[in-house]
Structure formats: structure tokens, C-alpha cells
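Student: Hey, dropping final.txt in here, compact mmCIF, C-alpha atoms:
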# COMPACT_ATOMS: atom_id res chain seq x y z
CA MET A 1 73.86 109.46 90.99
CA GLU A 2 70.79 109.10 93.10
CA SER A 3 70.16 111.80 95.63
CA ILE A 4 70.48 111.15 99.32
CA HIS A 5 67.31 111.50 101.36
CA VAL A 6 67.67 113.53 104.50
CA ILE A 7 65.14 114.28 107.20
CA ILE A 8 65.96 117.15 109.52
CA ALA A 9 63.62 117.14 112.49
CA ASP A 10 63.94 119.91 114.98
CA ARG A 11 61.75 122.69 116.26
CA SER A 12 64.43 125.32 115.83
CA GLN A 13 64.40 127.08 112.51
CA LEU A 14 68.01 128.12 113.15
CA VAL A 15 69.15 124.54 113.52
CA ARG A 16 67.28 123.34 110.45
CA LEU A 17 68.53 126.19 108.29
CA GLY A 18 72.08 125.80 109.53
CA LEU A 19 72.17 122.08 108.83
CA THR A 20 70.57 122.49 105.44
CA GLY A 21 73.24 125.03 104.56
CA ILE A 22 76.07 122.78 105.68
CA LEU A 23 74.61 119.83 103.82
CA TYR A 24 74.16 121.74 100.59
CA ARG A 25 77.72 122.95 100.76
CA THR A 26 78.94 119.35 100.49
CA GLY A 27 77.87 119.58 96.86
CA LEU A 28 76.11 116.22 97.13
CA SER A 29 72.77 115.73 95.52
CA LEU A 30 70.27 115.80 98.35
CA THR A 31 66.56 115.72 98.95
CA ILE A 32 65.97 117.36 102.28
CA ARG A 33 62.72 117.14 104.19
CA GLU A 34 62.32 119.39 107.20
CA VAL A 35 60.07 118.57 110.10
CA SER A 36 59.34 121.19 112.73
CA GLU A 37 56.40 119.63 114.53
CA PRO A 38 56.87 116.52 116.69
CA ASP A 39 53.32 115.48 115.74
CA LYS A 40 54.26 115.18 112.11
CA PHE A 41 57.47 113.27 112.74
CA ILE A 42 56.19 109.74 112.31
CA HIS A 43 54.31 110.69 109.19
CA SER A 44 57.44 111.98 107.45
CA LEU A 45 59.40 108.92 108.54
CA GLN A 46 56.88 106.71 106.84
CA LYS A 47 57.31 108.64 103.62
CA GLU A 48 61.00 107.81 103.27
CA HIS A 49 62.39 104.38 102.64
CA ASN A 50 65.78 105.09 104.05
CA GLY A 51 68.24 107.87 104.49
CA LEU A 52 69.86 110.19 106.91
CA LEU A 53 67.77 111.16 109.90
CA ILE A 54 68.98 114.14 111.89
CA THR A 55 67.04 115.05 114.97
CA SER A 56 67.72 116.52 118.38
CA ARG A 57 67.37 115.36 121.95
CA SER A 58 64.76 117.97 122.72
CA PHE A 59 62.77 117.06 119.62
CA VAL A 60 62.84 113.35 120.40
CA SER A 61 61.65 113.99 123.93
CA ALA A 62 58.72 115.97 122.56
CA CYS A 63 57.71 113.11 120.28
CA SER A 64 55.19 110.43 121.13
CA THR A 65 56.52 107.10 122.40
CA GLU A 66 55.03 105.61 119.27
CA ALA A 67 57.33 107.75 117.11
CA VAL A 68 60.39 106.94 119.20
CA LYS A 69 59.60 103.25 118.94
CA TYR A 70 59.15 103.57 115.22
CA VAL A 71 62.66 104.97 114.88
CA GLN A 72 64.06 102.13 117.01
CA ASN A 73 62.29 99.48 114.98
CA ASN A 74 63.45 100.95 111.72
CA ARG A 75 67.08 101.42 112.61
CA HIS A 76 68.19 99.49 109.55
CA ARG A 77 66.49 102.06 107.33
CA PHE A 78 67.79 105.27 108.83
CA TYR A 79 71.19 106.47 109.81
CA ASN A 80 70.24 108.25 112.96
CA VAL A 81 72.09 111.38 114.03
CA ILE A 82 71.19 113.15 117.26
CA ILE A 83 71.95 116.79 117.92
CA GLU A 84 73.01 117.44 121.51
CA ASP A 85 73.26 120.84 123.15
CA ILE A 86 76.71 120.41 124.58
CA GLU A 87 79.34 117.73 124.71
CA CYS A 88 79.02 116.30 128.20
CA GLY A 89 77.87 112.71 127.77
CA PRO A 90 77.66 109.83 128.25
CA TYR A 91 74.28 109.75 126.61
CA ASN A 92 73.19 106.18 126.36
CA ASP A 93 69.52 106.83 126.73
CA ILE A 94 68.90 107.55 123.05
CA PRO A 95 70.62 105.05 120.82
CA CYS A 96 71.92 106.46 117.54
CA ASN A 97 74.64 106.12 114.94
CA GLU A 98 76.23 109.49 115.51
CA ARG A 99 75.97 112.56 117.68
CA ILE A 100 76.65 116.11 116.68
CA TYR A 101 76.92 118.97 119.13
CA LEU A 102 75.64 122.47 118.70
CA ASN A 103 79.15 123.81 119.15
CA ASP A 104 80.71 121.47 116.57
CA SER A 105 82.55 123.21 113.78
CA GLU A 106 81.32 122.80 110.22
CA ARG A 107 84.28 120.56 109.55
CA THR A 108 83.50 118.28 112.45
CA ILE A 109 79.89 117.95 111.40
CA TYR A 110 80.97 117.24 107.88
CA ARG A 111 83.42 114.58 109.04
CA LYS A 112 80.73 112.92 111.13
CA LEU A 113 78.24 112.88 108.30
CA GLN A 114 80.88 111.59 105.94
CA LYS A 115 80.83 108.27 107.78
CA TYR A 116 77.32 107.83 106.52
CA MET A 117 78.20 108.79 102.97
CA GLN A 118 81.04 106.29 103.11
CA GLN A 119 78.66 103.58 104.25
CA LEU A 120 76.32 104.43 101.40
CA SER A 121 78.98 104.09 98.76
CA ASP A 122 80.19 100.82 100.32
CA HIS A 123 76.76 99.32 99.86
CA GLY A 124 75.40 101.23 96.95
CA ASP A 125 75.85 101.07 93.24
CA GLN A 126 78.68 103.49 93.35
CA ASP A 127 81.35 100.93 94.15
CA ARG A 128 80.64 99.46 90.75
CA ALA A 129 82.03 102.55 89.10
CA GLY A 130 85.41 101.88 87.58
CA GLU A 131 84.89 98.12 87.68
CA GLU A 132 85.62 96.40 84.37
CA ILE A 133 82.54 95.31 82.50
CA SER A 134 82.17 91.56 82.09
CA GLN A 135 82.19 89.70 78.78
CA ARG A 136 78.44 89.16 78.99
CA GLU A 137 77.90 92.85 79.64
CA LYS A 138 80.06 93.62 76.61
CA ASP A 139 77.82 91.39 74.49
CA VAL A 140 74.77 93.29 75.70
CA LEU A 141 76.48 96.65 75.25
CA LYS A 142 77.35 95.81 71.64
CA LEU A 143 73.73 95.09 70.81
CA VAL A 144 72.52 98.20 72.64
CA ALA A 145 74.98 100.24 70.62
CA LEU A 146 73.65 98.66 67.44
CA GLY A 147 70.27 100.08 68.34
CA MET A 148 68.48 96.90 69.41
CA THR A 149 65.65 96.94 71.93
CA ASN A 150 65.74 94.99 75.18
CA LYS A 151 63.40 92.42 73.73
CA GLU A 152 65.52 91.89 70.64
CA ILE A 153 68.66 91.57 72.74
CA ALA A 154 66.96 89.03 74.99
CA GLU A 155 65.98 86.89 72.00
CA LYS A 156 69.38 87.10 70.41
CA LEU A 157 71.27 86.13 73.58
CA PHE A 158 68.69 83.62 74.84
CA ILE A 159 68.15 85.43 78.11
CA SER A 160 65.11 87.10 79.64
CA SER A 161 64.33 90.80 79.12
CA HIS A 162 64.67 91.16 82.85
CA THR A 163 68.28 89.96 82.69
CA VAL A 164 68.98 92.37 79.84
CA ILE A 165 67.69 95.25 81.95
CA SER A 166 69.82 94.20 84.89
CA HIS A 167 72.91 93.97 82.64
CA ARG A 168 72.16 97.43 81.29
CA LYS A 169 71.88 98.85 84.79
CA ASN A 170 75.26 97.40 85.66
CA ILE A 171 76.85 98.71 82.49
CA THR A 172 75.61 102.23 83.23
CA ALA A 173 76.76 102.01 86.85
CA LYS A 174 80.22 100.82 85.84
CA LEU A 175 80.85 103.15 82.92
CA GLY A 176 78.94 106.20 84.10
CA ILE A 177 77.20 106.39 80.72
CA LYS A 178 73.44 106.38 80.57
CA THR A 179 72.18 107.28 77.11
CA ILE A 180 72.19 104.94 74.13
CA ALA A 181 74.08 107.47 72.06
CA GLY A 182 76.73 107.68 74.78
CA LEU A 183 77.03 103.90 74.97
CA THR A 184 77.42 103.76 71.22
CA VAL A 185 80.30 106.22 71.37
CA TYR A 186 81.91 104.10 74.08
CA ALA A 187 81.48 100.92 72.03
CA LEU A 188 83.02 102.59 68.98
CA ILE A 189 85.98 104.04 70.87
CA ASN A 190 86.68 100.68 72.43
CA LYS A 191 86.16 98.89 69.13
CA LEU A 192 83.35 96.68 70.37
CA ILE A 193 81.61 97.65 67.16
CA SER A 194 82.84 99.38 64.04
CA ALA A 195 81.44 102.43 62.32
CA GLU A 196 80.20 100.27 59.41
CA ASP A 197 78.02 98.25 61.79
CA ILE A 198 75.77 101.14 62.58
CA LYS A 199 75.32 102.52 59.11
CA MET B 1 73.77 137.52 102.91
CA LEU B 2 71.09 138.41 100.41
CA PHE B 3 71.84 141.06 97.84
CA GLN B 4 70.10 144.35 98.64
CA PRO B 5 69.32 147.42 96.50
CA ASN B 6 71.91 149.55 98.30
CA MET B 7 74.79 147.13 97.79
CA LYS B 8 77.41 148.13 95.27
CA MET B 9 77.07 146.39 91.95
CA ALA B 10 80.81 145.72 91.97
CA ASP B 11 80.40 143.75 95.18
CA VAL B 12 77.89 141.46 93.53
CA ILE B 13 80.63 140.34 91.17
CA HIS B 14 83.23 140.14 93.92
CA THR B 15 80.87 137.91 95.88
CA ASN B 16 80.25 135.52 93.02
CA TYR B 17 81.91 136.05 89.68
CA HIS B 18 79.50 133.64 87.99
CA LEU B 19 76.89 136.35 88.37
CA LEU B 20 78.81 138.34 85.79
CA GLN B 21 77.07 136.50 82.97
CA ILE B 22 73.68 137.01 84.62
CA ILE B 23 74.30 140.71 84.90
CA SER B 24 75.35 140.92 81.29
CA ARG B 25 72.16 139.10 80.31
CA PHE B 26 70.31 142.07 81.75
CA GLY B 27 72.26 144.26 79.37
CA ILE B 28 74.48 145.69 82.09
CA ASN B 29 78.10 146.04 81.12
CA LEU B 30 81.15 146.65 83.28
CA GLY B 31 82.27 150.16 84.14
CA PHE B 32 79.47 151.07 86.54
CA GLY B 33 81.89 152.62 89.02
CA ASP B 34 80.72 152.71 92.61
CA LYS B 35 77.01 152.80 91.85
CA ASN B 36 74.79 150.56 93.88
CA ILE B 37 72.46 147.93 92.48
CA LYS B 38 69.46 150.20 92.52
CA GLN B 39 71.20 153.00 90.63
CA VAL B 40 72.62 150.70 87.97
CA CYS B 41 69.23 149.10 87.45
CA GLN B 42 67.60 152.51 87.12
CA ASP B 43 70.21 153.55 84.57
CA HIS B 44 69.32 150.54 82.46
CA GLY B 45 65.57 150.67 83.00
CA ILE B 46 65.58 147.36 84.88
CA ASP B 47 63.08 146.49 87.61
CA VAL B 48 65.37 146.30 90.63
CA ASP B 49 63.20 143.86 92.59
CA PHE B 50 63.22 141.48 89.70
CA PHE B 51 66.95 141.81 89.26
CA LEU B 52 67.44 141.00 92.94
CA GLU B 53 65.17 137.96 92.78
CA ILE B 54 67.23 136.58 89.94
CA VAL B 55 70.68 137.15 91.41
CA ASN B 56 69.59 135.96 94.83
CA SER B 57 68.04 132.82 93.39
CA TYR B 58 71.25 132.13 91.51
CA HIS B 59 73.58 132.78 94.35
CA HIS B 60 71.67 131.20 97.23
CA ILE B 61 70.70 127.70 96.39
CA ASN B 62 68.09 127.70 99.14
CA TYR B 63 66.68 131.10 98.46
CA PHE B 64 62.99 131.00 97.96
CA PRO B 65 61.45 134.14 96.52
CA ARG B 66 58.56 135.38 98.57
CA LYS B 67 57.38 138.11 96.31
CA HIS B 68 56.18 135.94 93.47
CA LEU B 69 52.53 136.41 94.33
CA GLN B 70 52.58 140.17 94.03
CA GLY B 71 55.64 141.36 92.13
CA PHE B 72 56.47 141.56 88.50
CA SER B 73 54.74 140.44 85.36
CA LEU B 74 55.39 137.17 83.64
CA GLU B 75 56.57 139.16 80.66
CA LEU B 76 59.61 140.15 82.69
CA ILE B 77 60.41 136.60 83.77
CA VAL B 78 59.88 135.08 80.35
CA ASP B 79 61.92 137.82 78.75
CA TYR B 80 64.78 136.95 81.06
CA LEU B 81 64.45 133.21 80.39
CA ARG B 82 64.45 133.89 76.66
CA LYS B 83 67.61 135.93 76.98
CA SER B 84 69.35 133.10 78.76
CA HIS B 85 68.18 130.65 76.12
CA GLU B 86 69.74 132.91 73.57
CA TYR B 87 72.93 132.96 75.57
CA TYR B 88 73.13 129.16 75.54
CA LEU B 89 72.20 128.62 71.92
CA LYS B 90 73.93 131.56 70.29
CA LEU B 91 77.00 131.86 72.48
CA LYS B 92 77.86 129.00 74.80
CA ILE B 93 76.97 126.02 72.63
CA PRO B 94 78.75 127.33 69.50
CA GLU B 95 81.82 128.07 71.63
CA ILE B 96 81.95 124.51 72.91
CA ALA B 97 81.26 123.14 69.45
CA GLN B 98 84.25 125.10 68.14
CA LEU B 99 86.50 123.75 70.90
CA LEU B 100 85.43 120.23 69.99
CA ILE B 101 86.20 120.85 66.33
CA ASP B 102 89.64 122.11 67.31
CA LEU B 103 90.07 118.92 69.30
CA THR B 104 89.57 116.79 66.17
CA ARG B 105 92.32 118.61 64.35
CA ILE B 106 95.03 116.25 65.46
CA PRO B 107 97.47 114.38 63.26
CA ASP B 108 96.82 110.85 64.58
CA PRO B 109 94.11 109.46 62.27
CA ALA B 110 93.17 106.54 64.54
CA ALA B 111 92.47 108.79 67.52
CA GLY B 112 90.91 111.33 65.18
CA THR B 113 87.90 109.10 64.64
CA SER B 114 87.19 109.00 68.37
CA PHE B 115 87.17 112.76 68.55
CA GLN B 116 84.87 112.92 65.56
CA LEU B 117 82.49 110.63 67.40
CA ILE B 118 82.48 113.06 70.28
CA ASN B 119 81.65 115.83 67.89
CA ARG B 120 78.71 113.95 66.53
CA PHE B 121 77.54 113.12 70.01
CA PHE B 122 77.71 116.75 71.01
CA ASN B 123 75.71 117.75 67.95
CA GLU B 124 72.99 115.33 68.96
CA TYR B 125 72.96 116.89 72.39
CA ARG B 126 72.79 120.31 70.82
CA THR B 127 69.75 119.34 68.76
CA GLU B 128 68.00 117.94 71.83
CA LEU B 129 68.65 121.11 73.77
CA GLU B 130 67.36 123.21 70.89
CA VAL B 131 64.18 121.15 70.69
CA HIS B 132 63.70 121.44 74.43
CA ILE B 133 64.12 125.20 74.38
CA GLN B 134 61.94 125.58 71.31
CA ARG B 135 59.16 123.72 73.07
CA GLU B 136 59.30 126.13 75.96
CA GLU B 137 59.17 129.12 73.70
CA ASP B 138 56.44 127.79 71.40
CA LYS B 139 54.24 125.99 73.84
CA VAL B 140 54.88 126.84 77.45
CA TYR B 141 55.33 130.61 77.29
CA PRO B 142 52.20 131.30 75.24
CA TYR B 143 50.25 129.14 77.67
CA VAL B 144 51.66 131.05 80.61
CA PHE B 145 50.69 134.40 79.06
CA MET B 146 47.21 133.14 78.38
CA VAL B 147 46.78 132.22 82.04
CA GLU B 148 48.13 135.56 83.16
CA LYS B 149 45.81 137.49 80.88
CA ALA B 150 42.75 135.63 82.13
CA TYR B 151 43.89 136.23 85.68
CA LEU B 152 44.45 139.95 85.21
CA ASP B 153 41.23 140.48 83.26
CA LYS B 154 39.43 138.51 85.95
CA ALA B 155 37.66 136.72 83.16
CA ALA B 156 38.19 133.12 82.28
CA HIS B 157 36.45 131.57 79.35
CA LYS B 158 35.48 127.92 79.62
CA ASP B 159 38.17 127.13 77.03
CA ILE B 160 40.85 128.39 79.36
CA ILE B 161 39.66 126.28 82.24
CA ASP B 162 39.65 123.26 79.93
CA ARG B 163 43.10 124.10 78.79
CA ILE B 164 44.39 124.25 82.37
CA ARG B 165 42.72 120.94 83.05
CA GLN B 166 44.41 119.40 80.05
CA TYR B 167 47.83 120.82 80.49
CA SER B 168 48.78 122.74 83.58
CA ILE B 169 52.14 124.17 84.53
CA ASP B 170 52.72 121.16 86.75
CA ASP B 171 52.47 118.86 83.74
CA TYR B 172 55.06 120.97 82.05
CA GLU B 173 57.32 120.70 85.05
CA LYS B 174 56.91 116.94 85.11
CA GLU B 175 57.84 116.44 81.52
CA HIS B 176 60.79 118.79 81.87
CA ASP B 177 62.74 116.19 80.01
CA ASN B 178 66.18 115.09 80.84
CA VAL B 179 68.59 116.70 78.46
CA GLU B 180 71.17 116.54 81.20
CA ASP B 181 71.85 112.83 80.74
CA LYS B 182 73.71 113.35 77.50
CA LEU B 183 75.82 116.09 79.02
CA LEU B 184 76.80 113.79 81.88
CA ASP B 185 77.73 111.03 79.44
CA LEU B 186 79.78 113.42 77.39
CA LYS B 187 81.75 114.46 80.45
CA ASN B 188 82.44 110.86 81.43
CA ILE B 189 83.55 109.89 77.94
CA LEU B 190 85.92 112.85 77.82
CA ILE B 191 87.28 112.18 81.29
CA LYS B 192 87.62 108.44 81.11
CA TYR B 193 87.44 106.91 77.69
CA LEU B 194 88.96 109.14 75.06
CA PRO B 195 92.47 108.36 73.90
CA VAL B 196 95.16 110.62 75.32
CA PRO B 197 94.75 113.93 73.55
CA VAL B 198 97.59 115.60 71.72
CA ASP B 199 96.67 118.88 73.30
CA PRO B 200 95.63 118.14 76.90
CA ARG B 201 94.90 121.78 77.57
CA LEU B 202 92.25 121.83 74.90
CA SER B 203 90.49 118.80 76.41
CA GLN B 204 90.61 120.48 79.78
CA SER B 205 89.01 123.62 78.40
CA VAL B 206 86.22 121.60 76.83
CA LEU B 207 85.57 119.80 80.08
CA PHE B 208 85.65 123.00 82.05
CA GLU B 209 83.12 124.55 79.68
CA LEU B 210 80.88 121.50 79.92
CA PHE B 211 80.88 121.65 83.71
CA ARG B 212 80.04 125.35 83.54
CA LEU B 213 77.24 124.78 81.08
CA GLU B 214 75.80 122.02 83.22
CA ALA B 215 75.84 124.17 86.35
CA ASP B 216 74.38 127.08 84.45
CA LEU B 217 71.53 125.04 83.02
CA ARG B 218 70.79 123.71 86.48
CA ASP B 219 70.57 127.25 87.84
CA HIS B 220 68.38 128.22 84.91
CA ALA B 221 66.00 125.37 85.73
CA ARG B 222 65.93 126.54 89.34
CA ILE B 223 64.77 129.99 88.25
CA GLU B 224 61.96 128.39 86.28
CA GLU B 225 60.99 126.23 89.22
CA LYS B 226 61.17 128.91 91.85
CA ILE B 227 59.93 131.99 90.06
CA LEU B 228 57.91 131.07 87.00
CA VAL B 229 56.14 127.88 88.03
CA PRO B 230 54.82 129.00 91.46
CA LYS B 231 53.43 132.20 89.99
CA VAL B 232 51.59 130.41 87.22
CA ARG B 233 50.41 127.70 89.60
CA PHE B 234 48.93 130.38 91.85
CA MET B 235 47.01 131.98 88.97
CA GLU B 236 45.80 128.63 87.68
CA LYS B 237 44.47 127.79 91.10
CA TRP B 238 42.71 131.12 91.43
CA LEU B 239 41.08 130.79 88.00
CA PHE B 240 40.04 127.27 88.77
CA GLU B 241 38.45 128.15 92.05
CA ASN B 242 36.54 131.07 90.62
CA TYR B 243 35.51 129.89 87.18
CA SER B 244 35.44 126.14 86.99
CA ALA B 245 31.84 125.83 88.20
Could you spell out this file's structure in C-alpha cells?
Tutor:
Amino acid sequence: MESIHVIIADRSQLVRLGLTGILYRTGLSLTIREVSEPDKFIHSLQKEHNGLLITSRSFVSACSTEAVKYVQNNRHRFYNVIIEDIECGPYNDIPCNERIYLNDSERTIYRKLQKYMQQLSDHGDQDRAGEEISQREKDVLKLVALGMTNKEIAEKLFISSHTVISHRKNITAKLGIKTIAGLTVYALINKLISAEDIK
Amino acid sequence: MLFQPNMKMADVIHTNYHLLQIISRFGINLGFGDKNIKQVCQDHGIDVDFFLEIVNSYHHINYFPRKHLQGFSLELIVDYLRKSHEYYLKLKIPEIAQLLIDLTRIPDPAAGTSFQLINRFFNEYRTELEVHIQREEDKVYPYVFMVEKAYLDKAAHKDIIDRIRQYSIDDYEKEHDNVEDKLLDLKNILIKYLPVPVDPRLSQSVLFELFRLEADLRDHARIEEKILVPKVRFMEKWLFENYSA
């Protein structure tokens, strides 16, 4: 499973530490980048392709208009969460996907962030897990299990190496098995190949 | 809360029972009464600061040791890492292997083959892990000691600088190869694809052990990353700055 990229941008060490702690306790695999200086905000945004962006009202107001604009223009890349001091909206001035309040309980914060995780798995590879593998994928899997290289498989099935690679990615996503040895065991258990084949 | 020298050793275990195996790796056995961490460490001739760095790094995923620049010798760290290697290879892995052998002892011959496959797969994993560990012991640790010696003697021969240039601790960290993949696959095969076992409890024990091993290896890697690597990186940098001219 790929790790989720998170940027936590706030000047308060307490807030950053607290959020990091809560996030780690979800048990998800995360790569967290902390930003404490408004000046460095835009730079760290440019480093990430997408992910969860958690920042606060006070931090945003300390950022340059250029940085604020950058966030707006890249809304498709980041799931933007704003930390507010207290719950007494309506706050329409800073658009975002979600708001968390400093007095939110851990559970509430978790529930709010879960929306994002849900979205990720709706779009991501993960919804492939548990899906049946197609006949074509089975053909590829058989040959992988027999120890053939991508190039050999491509020649045998009259497809491009690129297609073989894409099939292999899908197989791994669906079965949750990555290594060749693991795929071979799967193929044997499911009788796609027999033990004699690999001798 | 971080573990402190004056905390009772018993409370360490109450806080996180997984630390039990870490403590035993230090040669500390149960029955220490109400002694605090410092006293127990003294009794066993263990550097208490080092002990605390290890348990804190294990218990607090975000804990970042700050003492690595001064503190203890690499000897101490490597000795600990070696002990945990021994724990995996001599204790944990054989235990799991035995459970898997027990799993194959079922009357149904058709399903039996599948379980044998799992056994073979696990043995491949075992070999990979052994190779990985052997490489650390044969290649990485001697390198690390060489760097430390040059740093302490404040004398770096040109050879050493060349060696750092060729293969630094960061290179080692990069090629920290992925033995985990096989473990993940093994778990998925056991969970999803094996025929229904005759003894479900046995399969559950195997899985439980595999999850434990995985978590433990991950923690082990964290110790290397947080304690060993930064210390060596610091010494490499110092040597480079002072002797590479």
C-alpha cells in the first residue's frame, strides 16, 4: 500500500505534534512533512504531487497571497483541511474541504480525516483488491509463475511489454501478492499451473 | 510519556508488553521487584542511557533520539542489533517454521500440497532474511567501526575517505532491500488463498506470529535508521570536511 502524503503547516509546535500523533495512531502508512514557517509553505507544496494538506487560519493569513493562490489553483491535488480556533462559523472566506477545531476530540478529527481516506480508496488502486482477476490476467500470471520475463511474456501473448507490466500491476493490486515466488504459490494453489510445470 | 531512569522497570512492561522481548535481549530477566530502570541496568552492567534510547525509540514511533552525537559507542549499538538478529534467526524464525510444518501435518493430501508450498515459500523468505542480515554483519558493521575509529583517532587515511566516497552509510540505507515484500505476500496467501485448514487455530497462530515478526522487523529498522545511521553520517561528514582535501 502506498503511503499517504500529509503536509502539516502551522506555526505551533503543539498543534503539529498533536496532529502527527493522532495521524500515526490511525496505523496508516504516512509520510508527514511539517512546515512551521509561512515563507517555506509554497516550497513544500511544490514538492508534493497530492495529498492531505492541514493548515490553520492563522498560518494561512501569515502566508503570501502567492501561496494562498497556489493552494486555490491546485485544489484538485490537495485535500485541504483548515484548523480553526473555535467552532463559531460561518467561515466562507477560506475555501476548504474540511475544518477541524482545536477543541475537537480525537475521534471527531479522525472521523473528519476519514472522509479523505475514503475518497482515496474510491479512486485509488485499493478498490481493485478482492476483484476477480480477468482471463487475460490469468494468462499473464501463469507465465510469470513459470518464471518468464516481461519480454518473453509479451512475445508469447503477442502484446507489448508495456501491456504486460500493466497487467502485472493489476494482478498485484487485486491479489495483494507482489513477489514472483508469491505469485507462483498462488498459481499452484489455484491450479493455474501444476508442480511439474516449474520443475 | 518518555521512559525515565527513575521509572520502575515493571511499569515499562505494563506500559507496553512488547518491550518484554527488548528487555530480555539486554539480558534482563523477570523478577526485578520494584527496582527502577536505573538500578536494574546497573545490576546488569547496562548503559542506562542507551537502554532508554532503545526502549523509547521502540515505544514512541515519533521519538527522535537527541543524544546520538555525544552518547554511546557504536559497539553498544551494533552489539544490540546483533542480539536482535540472533533473536530473529535463532528463535523467532525457527518457531514460525515449526508452526508451518505442523500445519502441513493434515490428513487431506490435496490440501497438503498447498501447505507444503507455503513451507517452501517461507524457507525462501528465511534465506533472504539470512542473506540480508549476513550482509549487515559482514559488510556494514565493519565499515561503521572503521569510520568510528578514524573519527576517534582524529586521523583519516586517504583510503578511508575513498571508502566513504564509494560506499557511505546513506548508500547502505538506500539499498536496505525489501525483504518485507515476501512477508506481506505470505500473510495474504494465508489469509485469503489457502484451503480451509483442518486446524484453524494453528493457522491463526502462524498469522499472529507473522504479524508480530513484521512489526518487530519494522521497529528494528527504525532503530537502525534513528540511532545507527545518523551517528555514522555525522562522523562521515566530519571526516570528509577535515580530511578530504
Student: Determine, counting all atoms listed in the file, which protein, DNA and RNA residues have an atom within 12 Å of an atom of Gly31 in chain B; residues of the same chain fewer than 2 positions away are not included. Present the result as an MDAnalysis selection string.
Tutor: chainID B and resid 9:10 24 28:29 33:35 40
Student: Write down, as a PyMOL selection string, each residue of chain A that has any atom within 9 Å of an atom of chain B, counting all atoms listed in the file.
Tutor: chain A and resi 20-21+24+175-179+181-183+185-186+188-190
Student: Where does range 80-151 of chain B meet range 47-58 of chain B within 12 Å, residue by residue, with the nearest atom pair and distance in Å to one decimal for each, counting all atoms listed in the file, listed by chain and rising number, as a Markdown table?
Tutor:
| residue | atom | partner | partner_atom | distance |
| --- | --- | --- | --- | --- |
| B:Tyr80 | CA | B:Ile54 | CA | 9.2 |
| B:Leu81 | CA | B:Ile54 | CA | 10.5 |
| B:Ser84 | CA | B:Ile54 | CA | 11.9 |
Student: Of the candidates A:Ala195, A:Val15, A:Val164, A:Leu143, which shows the shortest atom-to-atom distance to Asp85 in chain A, using all atoms listed in the file?
Tutor: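 Among the listed residues, A:Val15 lies closest to Asp85 in chain A.
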Student: Which residues are near range 41-49 of chain A? Cut-off 8 Å, only C-alpha atoms, ignore same chain within fewer than 5 positions. Put them as a PDB file with C-alpha atoms, keeping the file's coordinate frame.
Tutor:
ATOM      1  CA  HIS A   5      67.310 111.500 101.360  1.00  0.00           C
ATOM      2  CA  ILE A   7      65.140 114.280 107.200  1.00  0.00           C
ATOM      3  CA  ALA A   9      63.620 117.140 112.490  1.00  0.00           C
ATOM      4  CA  VAL A  35      60.070 118.570 110.100  1.00  0.00           C
ATOM      5  CA  CYS A  63      57.710 113.110 120.280  1.00  0.00           C
ATOM      6  CA  ALA A  67      57.330 107.750 117.110  1.00  0.00           C
ATOM      7  CA  TYR A  70      59.150 103.570 115.220  1.00  0.00           C
ATOM      8  CA  ARG A  77      66.490 102.060 107.330  1.00  0.00           C
TER       9      ARG A  77
END
